[in-house]
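What follows is query_34.cif (mmCIF, C-alpha atoms).
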```cif
data_structure
#
loop_
_atom_site.label_atom_id
_atom_site.label_comp_id
_atom_site.auth_asym_id
_atom_site.auth_seq_id
_atom_site.Cartn_x
_atom_site.Cartn_y
_atom_site.Cartn_z
CA MET T 1418 37.01 -106.54 8.72
CA ARG T 1419 36.55 -104.34 11.76
CA MET T 1420 33.34 -103.01 10.30
CA LEU T 1421 31.98 -106.56 9.92
CA HIS T 1422 32.98 -107.30 13.51
CA PHE T 1423 31.16 -104.17 14.65
CA ILE T 1424 28.00 -105.16 12.75
CA PHE T 1425 28.13 -108.71 14.13
CA ARG T 1426 28.59 -107.49 17.70
CA ARG T 1427 25.73 -104.99 17.46
CA THR T 1428 23.47 -107.64 15.92
CA VAL T 1429 24.20 -110.02 18.81
CA TYR T 1430 23.43 -107.23 21.29
CA SER T 1431 20.13 -106.55 19.51
CA VAL T 1432 19.14 -110.22 19.65
CA LEU T 1433 19.87 -110.31 23.39
CA ILE T 1434 17.81 -107.15 23.91
CA LEU T 1435 14.95 -108.68 21.94
CA LEU T 1436 15.09 -111.83 24.09
CA GLY T 1437 14.93 -109.63 27.18
CA VAL T 1438 11.89 -107.84 25.76
CA VAL T 1439 10.21 -111.19 25.06
CA LEU T 1440 10.96 -112.29 28.65
CA LEU T 1441 9.48 -109.11 30.12
CA THR T 1442 6.45 -109.37 27.86
CA PHE T 1443 6.04 -113.00 28.91
CA LEU T 1444 6.12 -112.05 32.59
CA LEU T 1445 3.67 -109.21 32.00
CA PHE T 1446 1.06 -111.06 29.94
CA ASN T 1447 1.49 -114.68 31.04
CA VAL T 1448 2.21 -114.27 34.76
CA ALA T 1449 0.87 -110.95 35.98
CA ALA T 1450 -2.17 -110.64 33.69
CA GLY T 1451 -3.92 -113.75 35.03
CA ASP T 1452 -6.06 -116.21 33.11
CA PRO T 1453 -6.99 -114.81 29.65
CA ALA T 1454 -9.63 -117.50 29.06
CA ALA T 1455 -11.55 -116.66 32.22
CA ALA T 1456 -11.32 -112.93 31.42
CA ALA T 1457 -12.59 -113.44 27.86
CA LEU T 1458 -15.40 -115.93 28.55
CA GLY T 1459 -16.65 -114.53 31.84
CA LYS T 1460 -17.84 -116.23 35.01
CA ASN T 1461 -20.69 -118.22 33.45
CA ALA T 1462 -18.64 -120.07 30.83
CA ARG T 1463 -18.71 -123.86 30.76
CA PRO T 1464 -15.54 -125.62 32.02
CA ASP T 1465 -14.95 -127.31 28.66
CA GLU T 1466 -15.12 -123.90 26.89
CA VAL T 1467 -12.58 -122.44 29.33
CA GLU T 1468 -10.21 -125.36 28.85
CA SER T 1469 -10.57 -125.27 25.07
CA LEU T 1470 -9.63 -121.56 24.93
CA ARG T 1471 -6.78 -122.08 27.40
CA ARG T 1472 -5.31 -124.82 25.24
CA GLU T 1473 -5.63 -122.68 22.13
CA LEU T 1474 -3.83 -119.78 23.83
CA GLY T 1475 -1.33 -122.01 25.64
CA ALA T 1476 -2.44 -120.60 29.00
CA ASP T 1477 -2.79 -124.10 30.46
CA LEU T 1478 0.88 -125.00 29.90
CA PRO T 1479 3.57 -124.81 32.61
CA LEU T 1480 5.39 -121.50 32.68
CA LEU T 1481 8.93 -122.71 31.97
CA PHE T 1482 9.16 -126.51 32.26
CA GLY T 1483 7.01 -129.44 33.32
CA ARG T 1484 4.39 -132.00 32.35
CA ASP T 1485 1.44 -130.71 34.41
CA CYS T 1486 -1.09 -128.59 32.51
CA ARG T 1487 -4.12 -126.87 34.01
CA THR T 1488 -7.43 -128.60 33.44
CA GLU T 1489 -11.07 -128.00 34.22
CA ALA T 1490 -12.01 -131.66 33.88
CA TYR T 1491 -12.45 -131.73 37.67
CA PRO T 1492 -12.84 -128.65 39.90
CA ARG T 1493 -10.10 -128.27 42.47
CA TYR T 1494 -10.72 -128.34 46.20
CA LEU T 1495 -8.68 -126.41 48.79
CA ALA T 1496 -9.74 -126.23 52.44
CA GLY T 1497 -10.70 -122.72 53.53
CA GLU T 1498 -11.64 -121.52 50.03
CA PRO T 1499 -15.18 -121.14 48.66
CA LEU T 1500 -16.39 -124.40 47.14
CA PRO T 1501 -16.63 -124.25 43.33
CA PRO T 1502 -19.53 -125.87 41.41
CA GLY T 1503 -19.15 -129.63 41.43
CA VAL T 1504 -17.61 -129.86 44.92
CA ALA T 1505 -19.52 -130.74 48.08
CA ALA T 1506 -17.91 -131.06 51.50
CA ASP T 1507 -18.97 -131.83 55.05
CA GLU T 1508 -17.25 -133.18 58.14
CA LYS T 1509 -17.17 -136.76 56.84
CA LEU T 1510 -16.88 -136.53 53.04
CA ILE T 1511 -15.59 -134.46 50.16
CA SER T 1512 -17.20 -135.24 46.79
CA ILE T 1513 -15.79 -133.85 43.53
CA ARG T 1514 -17.87 -134.39 40.38
CA ARG T 1515 -16.23 -134.49 36.96
CA ASN T 1516 -17.05 -131.65 34.52
CA PHE T 1517 -16.17 -133.48 31.27
CA ARG T 1518 -13.98 -136.26 29.94
CA SER T 1519 -10.40 -135.34 29.10
CA ASP T 1520 -8.55 -136.58 26.01
CA ALA T 1521 -5.27 -136.86 27.96
CA PRO T 1522 -4.19 -138.70 31.15
CA LEU T 1523 -5.00 -136.84 34.36
CA VAL T 1524 -3.20 -136.77 37.70
CA MET T 1525 -4.26 -135.26 41.01
CA ARG T 1526 -1.99 -133.59 43.54
CA ILE T 1527 -3.31 -134.37 47.01
CA THR T 1528 -2.28 -132.17 49.93
CA ARG T 1529 -2.67 -133.95 53.27
CA GLN T 1530 -3.62 -132.28 56.53
CA ASP T 1531 -0.05 -132.79 57.82
CA GLY T 1532 1.33 -130.82 54.85
CA ARG T 1533 2.70 -133.73 52.84
CA ARG T 1534 1.84 -134.07 49.15
CA CYS T 1535 1.43 -136.99 46.80
CA ARG T 1536 0.56 -137.46 43.12
CA VAL T 1537 -1.70 -140.24 41.93
CA PRO T 1538 -3.47 -140.95 38.62
CA VAL T 1539 -7.10 -139.93 38.37
CA PRO T 1540 -9.48 -142.89 37.98
CA ASP T 1541 -12.04 -142.72 35.21
CA GLU T 1542 -15.00 -142.04 37.48
CA GLU T 1543 -17.77 -139.48 37.56
CA LEU T 1544 -17.44 -138.87 41.30
CA LEU T 1545 -14.31 -138.81 43.50
CA LEU T 1546 -14.64 -139.12 47.28
CA PHE T 1547 -12.10 -137.98 49.92
CA ASP T 1548 -11.89 -137.92 53.69
CA PRO T 1549 -11.57 -134.26 54.90
CA ARG T 1550 -9.79 -135.43 58.06
CA ILE T 1551 -6.91 -136.59 55.85
CA VAL T 1552 -7.14 -134.49 52.67
CA ALA T 1553 -6.70 -130.70 52.81
CA GLY T 1554 -6.74 -130.08 49.07
CA VAL T 1555 -6.93 -131.74 45.67
CA GLU T 1556 -5.73 -130.20 42.40
CA PHE T 1557 -6.03 -131.81 38.98
CA PHE T 1558 -3.66 -131.59 36.00
CA ARG T 1559 -3.53 -132.88 32.48
CA VAL T 1560 -0.29 -134.72 31.68
CA GLN T 1561 1.57 -133.73 28.51
CA PRO T 1562 4.30 -135.89 26.94
CA ASN T 1563 6.81 -133.09 26.23
CA PRO T 1564 8.03 -131.26 29.36
CA PHE T 1565 9.65 -128.52 27.24
CA HIS T 1566 6.28 -127.50 25.76
CA SER T 1567 5.81 -124.48 28.03
CA GLN T 1568 4.36 -120.99 27.88
CA PHE T 1569 7.80 -119.40 27.51
CA ILE T 1570 8.80 -121.65 24.59
CA ARG T 1571 5.44 -120.87 23.01
CA ALA T 1572 6.15 -117.14 23.45
CA LEU T 1573 9.47 -117.59 21.64
CA GLY T 1574 7.68 -119.58 18.94
CA GLU T 1575 5.31 -116.68 18.36
CA LEU T 1576 8.32 -114.57 17.46
CA ILE T 1577 10.05 -117.12 15.21
CA ARG T 1578 9.28 -120.78 14.59
CA PHE T 1579 10.84 -123.38 12.30
CA GLN T 1580 8.55 -125.73 10.42
CA PRO T 1581 9.15 -128.70 8.07
CA GLU T 1582 7.19 -127.29 5.10
CA PHE T 1583 7.85 -124.16 3.01
CA PRO T 1584 8.61 -121.35 3.93
CA TYR T 1585 10.34 -123.29 6.77
CA ILE T 1586 10.46 -120.21 9.02
CA ARG T 1587 7.35 -118.52 10.38
CA MET T 1588 7.67 -115.21 12.18
CA LEU T 1589 5.27 -113.08 14.24
CA ASP T 1590 2.55 -115.71 14.39
CA PHE T 1591 0.45 -114.78 17.43
CA GLY T 1592 -2.58 -116.87 16.56
CA ARG T 1593 -6.05 -115.31 16.77
CA THR T 1594 -7.57 -112.56 18.84
CA ILE T 1595 -9.54 -113.50 21.92
CA THR T 1596 -12.62 -111.41 21.11
CA THR T 1597 -13.14 -111.63 17.32
CA ARG T 1598 -11.10 -114.81 16.59
CA GLU T 1599 -9.51 -113.02 13.62
CA PRO T 1600 -5.88 -113.91 12.73
CA ILE T 1601 -3.58 -111.39 14.40
CA ARG T 1602 -1.18 -111.39 11.44
CA ALA T 1603 -4.02 -110.07 9.26
CA ILE T 1604 -4.81 -107.32 11.77
CA LEU T 1605 -1.16 -106.25 11.98
CA ALA T 1606 -0.78 -106.29 8.19
CA ARG T 1607 -3.93 -104.20 7.83
CA GLY T 1608 -2.80 -101.61 10.38
CA VAL T 1609 0.83 -101.18 9.27
CA TRP T 1610 0.08 -99.15 6.14
CA PRO T 1611 -2.09 -96.42 7.79
CA SER T 1612 0.44 -96.11 10.64
CA LEU T 1613 3.36 -95.75 8.24
CA CYS T 1614 1.43 -93.19 6.16
CA LEU T 1615 0.88 -91.19 9.33
CA MET T 1616 4.17 -91.61 11.17
CA LEU T 1617 6.64 -91.33 8.30
CA PRO T 1618 5.61 -87.81 7.16
CA ILE T 1619 5.56 -86.67 10.79
CA PHE T 1620 9.03 -88.07 11.40
CA LEU T 1621 10.51 -86.59 8.20
CA GLY T 1622 8.73 -83.27 8.73
CA GLU T 1623 9.93 -82.90 12.32
CA LEU T 1624 13.47 -83.82 11.32
CA THR T 1625 13.74 -81.60 8.24
CA ILE T 1626 11.99 -78.50 9.58
CA GLY T 1627 13.69 -78.88 12.97
CA LEU T 1628 17.15 -78.99 11.37
CA LEU T 1629 16.46 -76.00 9.11
CA LEU T 1630 15.08 -73.82 11.92
CA ALA T 1631 17.90 -74.86 14.24
CA LEU T 1632 20.46 -73.89 11.58
CA VAL T 1633 18.76 -70.49 11.23
CA ALA T 1634 18.77 -70.00 15.01
CA ALA T 1635 22.46 -70.98 15.24
CA ALA T 1636 23.42 -68.74 12.32
CA PHE T 1637 21.65 -65.73 13.92
CA LYS T 1638 22.64 -66.53 17.48
CA ASP T 1639 21.78 -63.86 20.10
CA THR T 1640 19.63 -61.91 17.63
CA TRP T 1641 15.89 -61.39 17.62
CA VAL T 1642 15.51 -64.25 15.13
CA ASP T 1643 17.23 -66.67 17.51
CA ARG T 1644 15.25 -65.46 20.52
CA LEU T 1645 11.94 -65.66 18.64
CA LEU T 1646 12.61 -69.25 17.53
CA VAL T 1647 13.58 -70.27 21.07
CA VAL T 1648 10.46 -68.70 22.59
CA VAL T 1649 8.16 -70.31 20.01
CA SER T 1650 9.89 -73.68 20.49
CA VAL T 1651 9.53 -73.60 24.27
CA ALA T 1652 5.89 -72.53 23.93
CA GLY T 1653 5.24 -75.43 21.53
CA MET T 1654 6.87 -77.89 23.94
CA SER T 1655 4.68 -76.63 26.81
CA ILE T 1656 1.31 -77.17 25.10
CA SER T 1657 -0.35 -80.53 25.63
CA TYR T 1658 -0.75 -82.91 22.70
CA LEU T 1659 -4.48 -83.22 23.43
CA VAL T 1660 -4.98 -79.45 23.44
CA VAL T 1661 -3.39 -79.11 19.99
CA ILE T 1662 -5.48 -81.98 18.60
CA ILE T 1663 -8.78 -80.63 19.90
CA PHE T 1664 -8.02 -77.03 18.84
CA ALA T 1665 -6.90 -78.10 15.36
CA GLN T 1666 -10.01 -80.22 14.86
CA TRP T 1667 -12.27 -77.38 15.91
CA PHE T 1668 -10.44 -74.46 14.26
CA LEU T 1669 -9.14 -76.00 11.01
CA GLY T 1670 -11.53 -78.89 10.61
CA TYR T 1671 -14.90 -77.64 11.90
CA TYR T 1672 -14.74 -73.83 11.84
CA TYR T 1673 -12.90 -73.33 8.51
CA ASP T 1674 -13.66 -76.82 7.07
CA LEU T 1675 -10.16 -77.16 5.63
CA PHE T 1676 -9.52 -80.78 6.64
CA PRO T 1677 -11.59 -83.87 7.45
CA VAL T 1678 -11.50 -84.63 11.16
CA TRP T 1679 -12.52 -88.29 11.18
CA GLY T 1680 -12.17 -91.38 9.04
CA TRP T 1681 -9.64 -93.00 6.74
CA GLU T 1682 -9.89 -92.28 3.01
CA GLY T 1683 -6.22 -92.53 2.09
CA PHE T 1684 -3.81 -89.62 1.98
CA ALA T 1685 -6.64 -87.07 1.96
CA SER T 1686 -7.32 -87.91 5.60
CA LEU T 1687 -3.73 -87.35 6.75
CA GLY T 1688 -3.37 -83.60 6.30
CA LEU T 1689 -4.57 -82.46 9.72
CA PRO T 1690 -3.07 -85.29 11.88
CA VAL T 1691 0.31 -84.92 10.13
CA LEU T 1692 0.20 -81.16 10.70
CA VAL T 1693 -0.67 -81.68 14.38
CA GLY T 1694 2.12 -84.24 14.81
CA ILE T 1695 4.73 -81.96 13.26
CA VAL T 1696 3.61 -78.94 15.29
CA CYS T 1697 3.73 -80.89 18.54
CA GLY T 1698 7.17 -82.37 17.91
CA ILE T 1699 9.05 -79.60 16.18
CA GLY T 1700 9.67 -77.45 19.27
CA GLY T 1701 11.79 -80.04 21.05
CA ASN T 1702 13.77 -80.73 17.88
CA VAL T 1703 14.58 -77.07 17.34
CA ARG T 1704 15.73 -76.64 20.94
CA PHE T 1705 17.92 -79.75 20.83
CA TYR T 1706 19.51 -79.18 17.42
CA ARG T 1707 20.12 -75.50 18.14
CA THR T 1708 22.12 -76.43 21.25
CA VAL T 1709 24.12 -78.98 19.26
CA PHE T 1710 24.87 -76.54 16.44
CA VAL T 1711 25.81 -73.68 18.78
CA ASN T 1712 28.27 -75.91 20.66
CA GLU T 1713 29.71 -77.16 17.37
CA LEU T 1714 30.18 -73.62 16.03
CA ARG T 1715 32.51 -72.85 18.95
CA LYS T 1716 35.06 -75.45 17.86
CA GLU T 1717 38.32 -74.51 16.23
CA TYR T 1718 37.87 -76.26 12.88
CA LEU T 1719 34.82 -74.14 12.04
CA ARG T 1720 36.58 -70.94 13.12
CA THR T 1721 39.52 -71.89 10.93
CA ALA T 1722 37.22 -72.60 7.97
CA ALA T 1723 35.52 -69.22 8.40
CA ALA T 1724 38.92 -67.47 8.68
CA LYS T 1725 40.05 -69.09 5.40
CA GLY T 1726 37.05 -67.66 3.61
CA VAL T 1727 34.95 -70.81 3.27
CA SER T 1728 31.41 -69.93 2.25
CA PRO T 1729 28.66 -70.10 4.91
CA ILE T 1730 26.84 -72.75 2.86
CA ALA T 1731 29.89 -75.02 3.00
CA ILE T 1732 30.44 -74.32 6.71
CA TYR T 1733 26.87 -75.09 7.73
CA GLY T 1734 25.96 -77.65 5.10
CA ARG T 1735 29.17 -79.66 4.81
CA HIS T 1736 31.17 -79.29 8.04
CA LEU T 1737 28.60 -78.47 10.72
CA LEU T 1738 25.90 -80.98 9.77
CA ARG T 1739 28.41 -83.76 9.11
CA ASN T 1740 30.14 -83.41 12.47
CA ALA T 1741 26.84 -83.06 14.32
CA ALA T 1742 25.46 -86.20 12.65
CA ILE T 1743 25.96 -88.34 15.77
CA GLN T 1744 23.67 -86.13 17.85
CA VAL T 1745 21.15 -85.92 14.99
CA ILE T 1746 21.03 -89.71 14.66
CA THR T 1747 20.66 -90.09 18.43
CA ARG T 1748 17.76 -87.65 18.54
CA ALA T 1749 16.06 -89.22 15.52
CA SER T 1750 16.29 -92.76 16.89
CA ALA T 1751 15.10 -91.64 20.35
CA ALA T 1752 12.06 -89.92 18.81
CA LEU T 1753 10.58 -93.14 17.43
CA PRO T 1754 8.98 -94.32 20.73
CA PHE T 1755 7.41 -90.90 21.21
CA LEU T 1756 6.11 -90.98 17.65
CA PHE T 1757 4.43 -94.31 18.39
CA THR T 1758 2.88 -92.90 21.57
CA GLY T 1759 1.68 -89.89 19.63
CA SER T 1760 0.15 -92.12 16.97
CA LEU T 1761 -2.05 -93.68 19.66
CA LEU T 1762 -3.65 -90.30 20.28
CA LEU T 1763 -3.72 -89.19 16.66
CA GLU T 1764 -5.22 -92.41 15.34
CA SER T 1765 -7.78 -92.50 18.15
CA PHE T 1766 -8.91 -88.89 17.73
CA PHE T 1767 -8.89 -88.92 13.91
CA GLY T 1768 -10.27 -92.44 13.34
CA ILE T 1769 -7.23 -93.77 11.47
CA PRO T 1770 -7.23 -97.60 11.61
CA GLY T 1771 -3.53 -98.04 12.28
CA LEU T 1772 -1.61 -99.95 14.92
CA GLY T 1773 -2.23 -97.28 17.54
CA PHE T 1774 -6.00 -97.38 17.01
CA THR T 1775 -5.86 -101.19 17.10
CA GLY T 1776 -3.97 -101.07 20.41
CA VAL T 1777 -6.55 -98.78 22.03
CA ASP T 1778 -9.38 -100.99 20.77
CA ALA T 1779 -7.63 -104.12 22.12
CA LEU T 1780 -7.17 -102.39 25.48
CA TYR T 1781 -10.87 -101.52 25.69
CA ASN T 1782 -11.83 -105.12 24.83
CA SER T 1783 -9.22 -106.68 27.19
CA ASP T 1784 -7.79 -108.63 24.25
CA LEU T 1785 -4.49 -109.63 25.87
CA GLN T 1786 -3.37 -111.72 22.90
CA LEU T 1787 -3.61 -108.77 20.50
CA LEU T 1788 -2.01 -106.43 23.04
CA LYS T 1789 0.91 -108.82 23.46
CA ALA T 1790 1.34 -108.99 19.70
CA LEU T 1791 1.42 -105.19 19.44
CA VAL T 1792 3.94 -104.86 22.30
CA VAL T 1793 6.29 -107.48 20.86
CA THR T 1794 5.98 -106.08 17.32
CA SER T 1795 6.68 -102.51 18.41
CA ALA T 1796 9.64 -103.70 20.53
CA LEU T 1797 10.99 -105.58 17.51
CA LEU T 1798 10.72 -102.44 15.39
CA PHE T 1799 12.52 -100.36 18.03
CA VAL T 1800 15.32 -102.93 18.32
CA ILE T 1801 15.75 -102.93 14.54
CA MET T 1802 15.80 -99.12 14.45
CA ASN T 1803 18.40 -99.00 17.24
CA LEU T 1804 20.54 -101.47 15.29
CA LEU T 1805 20.26 -99.29 12.19
CA ALA T 1806 21.15 -96.26 14.34
CA ASP T 1807 24.32 -98.04 15.55
CA LEU T 1808 25.27 -98.76 11.95
CA ALA T 1809 24.55 -95.13 11.07
CA TYR T 1810 26.93 -94.09 13.88
CA ALA T 1811 29.69 -96.14 12.26
CA TRP T 1812 28.93 -94.57 8.90
CA ALA T 1813 28.91 -91.02 10.31
CA ASP T 1814 32.05 -91.45 12.44
CA PRO T 1815 34.52 -94.20 11.36
CA ARG T 1816 36.18 -94.07 14.77
CA ILE T 1817 33.15 -95.74 16.42
CA ARG T 1818 33.77 -99.13 14.76
CA LEU T 1819 37.16 -99.32 16.51
CA GLU T 1820 35.65 -99.22 19.99
#
```
Please express the file's structure as structure tokens.
Amino acid sequence: MRMLHFIFRRTVYSVLILLGVVLLTFLLFNVAAGDPAAAALGKNARPDEVESLRRELGADLPLLFGRDCRTEAYPRYLAGEPLPPGVAADEKLISIRRNFRSDAPLVMRITRQDGRRCRVPVPDEELLLFDPRIVAGVEFFRVQPNPFHSQFIRALGELIRFQPEFPYIRMLDFGRTITTREPIRAILARGVWPSLCLMLPIFLGELTIGLLLALVAAAFKDTWVDRLLVVVSVAGMSISYLVVIIFAQWFLGYYYDLFPVWGWEGFASLGLPVLVGIVCGIGGNVRFYRTVFVNELRKEYLRTAAAKGVSPIAIYGRHLLRNAAIQVITRASAALPFLFTGSLLLESFFGIPGLGFTGVDALYNSDLQLLKALVVTSALLFVIMNLLADLAYAWADPRIRLE
């Protein structure tokens, strides 16, 4: 029963963390990033094209709550700003010409010279005239019937959305990319497999080889074997990721022609990037696990086991690794973000069409919709892995579930 309570509590924490990630992503891409339609279409786009893309992306909606949506049906006028196309002003008259007809009711927010504001419906006219001695600014909005249809609710709906038809729940539906108009779900599904083929061997290789070398260093503590492993590990941690990639491509790929250095042809293309990833990450693992094992070997239960004549295989394999499992799980779960960052470089330099390569390509093309999808998806994966790590803690140490 306590175990179920522990799982439920950790799951609730993970959901709250995921909501916080969605909120931060929303603030980053919907508030700070500006207008995605204007960035994608450029300065010479027609107003109806800008509004159409905004409505598709939901960029015209209110941020949190409201009925007023941005529209380009009429250009706005604010005193002191450069006049946009369709607005003419002099000392006696301000004329605002309509760009296109809207399919929804429009309102205009009029700011008077004395600072007061008022809202009035927009008449169905081609030309609107105002007195500049009275009016300091005019902004136009499209009225929507549902005030809860906002950008934030839309961001939550991209993560999970309920629908009346089967399958009733739709998850990770981010629409289409801004540049190619391809469904983002298809891009993510296409990039997951190459990324998993690259990252999973690196992760397992770093973990397995790091644990074995750390056990050897701990078993031969203060000998030349231990010192050699420490020196090599520190040297490996000090070399830049880019230096290892470029040297490996030149030395093993070009000079000796042992591996392909570019392209994706299945597992045959993964030899060199997997080797580079393991070499770059193994030094930190050996240093960390060696420290954990050395500290664990000083404890009384291992001294007692050795005094009773327990074999070294049982001491290191059964007692040491089991009691150091918490630190191993912590290190393994913390390595996942760095593996993702490393995959950005590996996929970019080796031409592997995974999620990292897709993210770099989206960044070059300023495709904010695809970038947002990648950020939210990677955050979701990290939250799930942290939840699994918490459950692994409870499995490794039964005392944790009582806290």
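All residues of protein, DNA or RNA that reach within 7 Å of range 1545-1561 of chain T, judged by all atoms listed in the file and not counting those fewer than 3 positions away in the chain, are Arg1484, Asp1485, Cys1486, Arg1487, Thr1488, Tyr1491, Arg1493, Tyr1494, Leu1495, Ala1496, Glu1508, Lys1509, Leu1510, Ile1511, Ser1512, Ile1513, Arg1514, Ala1521, Pro1522, Leu1523, Val1524, Met1525, Arg1526, Ile1527, Thr1528, Arg1529, Gln1530, Glu1542 and Pro1564 of chain T.
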Distance cut-off 10 Å, centre (28.6, -73.0, 10.4) in file coordinates, counting all atoms listed in the file: which residues qualify? Return them as a ChimeraX atom specification. /T:1632,1635-1636,1710-1711,1713-1715,1719-1720,1722-1723,1727-1738
The PyMOL selection byres ((chain T and resi 1569-1582) around 9) on the file shown: which residues, as JSON, numbers by chain?
{"T": [1436, 1439, 1440, 1442, 1443, 1447, 1475, 1479, 1480, 1481, 1482, 1565, 1566, 1567, 1568, 1583, 1584, 1585, 1586, 1587, 1588, 1589, 1590, 1591, 1592, 1790, 1793, 1794]}
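A straight line drawn from CA of Leu1787 in chain T to CA of Phe1517 in chain T is 29.7 Å long.
Residue selection for this entry, given the PyMOL selection byres ((chain T and resi 1629) around 12), comprises T:Gly1622, T:Glu1623, T:Leu1624, T:Thr1625, T:Ile1626, T:Gly1627, T:Leu1628, T:Leu1630, T:Ala1631, T:Leu1632, T:Val1633, T:Ala1634, T:Ala1635, T:Ala1636, T:Leu1646, T:Ile1699, T:Asn1702, T:Val1703, T:Arg1704, T:Tyr1706, T:Arg1707, T:Phe1710, T:Tyr1733, T:Gly1734, T:Leu1738.
Remark: for Val1648 in chain T, the closest of the candidate residues T:Asn1516, T:Asp1674, T:Gly1701, T:Val1504 is T:Gly1701 (distances computed over all atoms listed in the file).
CA of Asn1461 in chain T to CA of Thr1775 in chain T spans 27.9 Å [interatomic distance, one decimal].
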The PyMOL selection byres ((chain T and resi 1746-1754) around 12) on the file shown: which residues, as a PyMOL selection string? chain T and resi 1613+1616-1617+1619-1625+1627-1628+1698-1699+1701-1706+1709+1738-1745+1755-1761+1792+1795-1814
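Comparing T:Ala1506, T:Leu1687, T:Ile1595, T:Ala1490 by their smallest distance to Gln1786 in chain T, the closest is T:Ile1595 (using all atoms listed in the file).
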CA of Pro1618 in chain T to CA of Val1696 in chain T measures 12.2 Å
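Nearest residue to Trp1681 in chain T among T:Gly1503, T:Pro1611, T:Pro1540, T:Gly1726 is T:Pro1611, counting all atoms listed in the file.
With distances restricted to all atoms listed in the file, T:Leu1544 is the closest residue to Pro1492 in chain T from T:Val1777, T:Leu1544, T:Leu1669, T:Cys1697.
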So that I can see what lies close to Ala1685 in chain T, please list as number ranges by chain the residues with an atom at most 12 Å from it, counting all atoms listed in the file and leaving out residues fewer than 4 positions away in the same chain. T: 1611, 1614-1615, 1675-1681, 1689-1691, 1769
Enclose the full set of atoms of range 1659-1665 of chain T listed in the file within a box whose edges lie along x, y and z, apply 5 Å of padding to each of the six sides, and report centre and edge lengths in Å to one decimal as JSON.
```
{"center_x": -6.1, "center_y": -80.1, "center_z": 19.4, "size_x": 15.4, "size_y": 16.2, "size_z": 18.1}
```
